[in-house]
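Novice: Shown below is the structure under consideration.
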Amino acid sequence: MEARRYWILAGVVCVGVGVAAGELLAAFISPSASPVSAVGQSVISLLPGGMKEWAIHLFGTNDKTVLLDSMVVIMAVFAGLVGVLERRRRGLGQALIAAFGVVGILAVASLADTTAVAFVAPVAAVVVGMSLLAWVANRFLRPALGRQLKAEFDAGHGTHSEEPAAVVAGNTSRRTFLAYMGAGAAVAVIAGGAAVMVRRAAVVVADLRAKIKLPRPLKAAPTVPAGAELPIDGLTPLVTSADSFYRIDTALVVPAVNSDTWTLSVTGMVEREVSLNFAELLAKPMVETFVTIGCVSNEVGGNLVGNALWLGWPVRELLAEAGVKAGADMVLSTSTDGFTAGTPLEAMTDARDAIIAVGMNGEPLPLVHGFPARLIVPGLYGYVSGTKWLKELKVTTFAADQGYWTPLGWDALGPIKTASRIDVPGAGAKTAAGKFTAAGLAWSPERGISGVQVQLDGGSWQNATLAVALNKDTWVQWEAPLVLSSGNHELKVRAIDGTGAVQTGVAAPPEPNGATGYDTVNFSTR
């Protein structure tokens with residue numbers, strides 16, 4: 001029976017590490033979509049009403065704890081079965097892990113508001129569990145079985161024994177196997193505990209966020225005018241939802257910042273240091289404005305750009321309370337995760353709506369987009385202005401301080417360059433010959449867009465029609481009627497900003513201060 005015990009142990013440890021890895025990954029990227037919790041929720045939803053009532057009557061408020069504990073026991077039994085099946089036939093135990101993974105994926109899919117990233121966790125759990133089981137079997141268990149069979153053959157036995165040895169011969173090999181299993185069990189326990197801690201913090205903060213009632217702005221954004229959004233299939237919406245908004249930051253784990261204990265301080269070259277908490281921030285006179293922000297890493301035609309309705313307090317008013325000293329030319333903002341951005345002081349104090357944002361599209365900031373507060377500065381790339389999970393503003397100089405990305409070779413000022421993009425047709429699209437409407441976006445925050453032009457198959461540039469702009473700080477949609485012959489086509493686009501300057505066609509990479517060039521789409525008609 002010794003062999004079977006080793007295989008059972010291997011199954012329990014390998015599956016345990018896989019499950020723990022999936023849970024930890026879920027805690028990092030999608031705290032509300034734990035695979036284990038999703039399976040448990042599915043079990044609850046499938047139980048007959050009478051059984052649910054019985055469980056509540058018997059266990060009271062501990063009913064969910066009992067369910068989760070029962071699931072742990074069931075998973076341990078399942079994991080032992082994985083080892084037994086893998087012993088009998090190679091790959092059979094791994095197939096059972098894959099089947100269990102399908103159950104987890106279906107359970108996650110059943111959750112409300114599930115996003116694609118939530119499926120990464122159950123898939124990762126399956127891959128880790130299967131790979132680890134295969135490695136343990138090949139490294140410790142399979143070689144011993146082969147050697148025993150050979151020994152039995154050499155000894156003249158016609159068949160092998162019912163219980164072949166589980167590990168390579170010798171106490172040292174057995175001890176090594178057990179040491180690896182112990183280490184694996186420790187990893188599973190530590191990873192599982194970390195997942196619980198990360199998720200618990202995220203859930204607490206999410207609960208706090210859900211209870212926040214945003215104040216009415218002193219200056220509300222104008223109502224979206226008619227004609228601002230073109231009814232064209234495939235065209236990016238005028239306002240980007242929080243779920244679709246790009247996320248680029250340096251946080252490995254999304255910070256769970258408690259708004260009840262959060263504070264923002266103003267330090268450095270000021271007459272007086274200022275500190276305020278979240279309640280005090282919400283009491284300030286807020287402004288509401290549509291602003292398009294983008295990442296400096298965005299390639300020509302890329303999607304690392306988004307437009308949202310932001311609610312916040314103007315930074316210039318906070319800096320005025322602190323009293324900026326002469327000689328300062330930069331504000332170094334710091335995030336709770338240690339990220340820093342160096343923003344020109346002028347951009348924080350001029351007439352633009354640089355704000356300490358607390359709301360996005362009418363809701364408190366999502367955790368991934370900087371809850372409880374972040375910076376939004378029109379006209380500047382996010383790496384020099386868009387600090388999330390904001391905790392400090394240090395008034396300083398470019399000579400004395402640098403933001404996170406500047407020492408790595410990126411420009412210190414980071415103004416957003418005029419850019420345009422083709423959404424329709426998509427690259428490689430096949431469409432019918434004849435009349436066709438191309439469409440896309442153009443943006444030049446702080447300067448606005450005065451025109452967009454398209455070029456078909458190297459011909460002359462023709463003017464596109466602009467939708468109504470929300471303001472000069474947002475992107476604008478455009479459309480261009482085309483007449484297409486059959487065959488292959490190339491379409492280019494360029495924008496003209498509010499000053500009359502035409503977007504450059506010189507191709508340049510994002511580093512050090514933003515990509516340039518014309519977005520170009522190749523497609524065909526039939």
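Ligands are numbered from 1 in the order shown, residues from 1 within each chain, and chains are lettered A, B, ... in the order they appear in the structure tokens.
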Would you pick out the contacts of Ala137 in chain A at 9 Å or less, using only C-alpha atoms, so that residues sharing its chain but fewer than 3 positions from it are not included, and give the list as a list in words?

Specialist: Trp7, Ala10, Glu86, Arg87, Arg90, Leu132, Leu133, Ala134, Phe140, Leu141, Arg142 and Pro143 of chain A

Novice: Within 7 Å of range 224-233 of chain A, counting only C-alpha atoms, which residues show up once you throw out same-chain ones fewer than 4 positions away? Write them as a compact mmCIF listing (two decimals) with N, CA, C and O atoms, in the first residue's frame, please.

Specialist:
```
# COMPACT_ATOMS: atom_id res chain seq x y z
N LEU A 238 -18.08 57.18 -27.74
CA LEU A 238 -17.58 58.50 -27.36
C LEU A 238 -17.03 58.50 -25.93
O LEU A 238 -15.97 59.07 -25.66
N ALA A 467 -17.71 64.79 -35.96
CA ALA A 467 -18.85 64.84 -35.06
C ALA A 467 -18.70 66.09 -34.18
O ALA A 467 -17.65 66.74 -34.17
N VAL A 468 -19.73 66.40 -33.43
CA VAL A 468 -19.67 67.54 -32.53
C VAL A 468 -18.71 67.22 -31.38
O VAL A 468 -18.80 66.15 -30.76
N ALA A 469 -17.77 68.11 -31.11
CA ALA A 469 -16.78 67.88 -30.05
C ALA A 469 -17.38 68.21 -28.69
O ALA A 469 -18.14 69.18 -28.54
N LEU A 470 -17.02 67.41 -27.68
CA LEU A 470 -17.45 67.70 -26.31
C LEU A 470 -16.74 68.93 -25.78
O LEU A 470 -17.33 69.80 -25.15
N GLN A 477 -15.10 62.04 -32.80
CA GLN A 477 -15.32 61.02 -33.82
C GLN A 477 -15.35 61.68 -35.20
O GLN A 477 -15.71 62.85 -35.33
```

Novice: Any idea what's packed within 12 Å of Gly91 in chain A, counting only C-alpha atoms, ignoring anything in its chain fewer than 2 positions away? Could you give it as a PyMOL selection string?

Specialist: chain A and resi 82-89+93-98+130-131+133-135+137-138

Novice: If we count only C-alpha atoms and set the cut-off at 7 Å, which residues sit around range 401-404 of chain A, ignoring sequence neighbours fewer than 3 positions away in its own chain? Please answer as a list in words.

Specialist: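 Listing them by chain and then by number gives Leu332, Phe339, Thr340, Ala341, Gly342, Thr396, Thr397, Phe398 and Pro407 of chain A.
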
Novice: Could you dump the residues just selected with C-alpha atoms as a compact mmCIF listing (two decimals), in the first residue's frame?

Specialist:
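File written: result.txt
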```txt
# COMPACT_ATOMS: atom_id res chain seq x y z
CA LEU A 332 5.98 65.39 -7.87
CA PHE A 339 5.00 55.33 -8.29
CA THR A 340 5.89 58.98 -8.92
CA ALA A 341 5.14 61.44 -11.70
CA GLY A 342 6.68 64.83 -12.30
CA THR A 396 9.60 71.01 -6.19
CA THR A 397 11.74 71.57 -9.31
CA PHE A 398 12.73 69.46 -12.29
CA PRO A 407 15.45 58.42 -15.39
```

Novice: Nearest to Ile293 in chain A: which of A:Val377, A:Ala351, A:Val358, A:Ala125 is it, counting only C-alpha atoms?

Specialist: A:Val377

Novice: Taking only residues of range 256-303 of chain A that have an atom at most 9 Å from an atom of range 313-319 of chain A, what is each one's shortest atom pair and its distance in Å to one decimal, using only C-alpha atoms, in chain and number order, as a Markdown table?

Specialist:
```
| residue | atom | partner | partner_atom | distance |
| --- | --- | --- | --- | --- |
| A:Val266 | CA | A:Leu319 | CA | 7.7 |
| A:Val270 | CA | A:Leu319 | CA | 8.2 |
| A:Val274 | CA | A:Leu318 | CA | 8.2 |
| A:Leu281 | CA | A:Trp313 | CA | 7.6 |
| A:Leu282 | CA | A:Trp313 | CA | 8.4 |
| A:Lys284 | CA | A:Trp313 | CA | 6.5 |
| A:Pro285 | CA | A:Trp313 | CA | 6.4 |
| A:Met286 | CA | A:Trp313 | CA | 4.7 |
| A:Val287 | CA | A:Trp313 | CA | 6.1 |
| A:Glu288 | CA | A:Trp313 | CA | 8.8 |
```

Novice: Using CA of Asp497 in chain A and CA of Gly451 in chain A as the two end points, give the distance in Å to one decimal.

Specialist: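 The value is 6.9 Å.
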
Novice: I need the residues of range 257-475 of chain A that end up classed as strand (DSSP E) by DSSP on the backbone, written out as an NGL selection string.

Specialist: :A and (263-268 or 274-277 or 287-294 or 305-314 or 330-335 or 340-344 or 355-360 or 363-364 or 374-376 or 390-396 or 419-424 or 430-431 or 434-443 or 449-456 or 461-463 or 465-466)

Novice: Would you pick out the contacts of Ala501 in chain A at 12 Å or less, using only C-alpha atoms, so that residues sharing its chain but fewer than 4 positions from it are not included, and give the list as a ChimeraX atom specification?

Specialist: /A:417-419,444,447-452,494-497

Novice: Residues near Ala439 in chain A, anyone? I mean within 10 Å using only C-alpha atoms, not counting same-chain ones fewer than 2 positions away, as a PyMOL selection string.

Specialist: chain A and resi 230+232-236+421-426+436-437+441+454+464-466+477-481+493
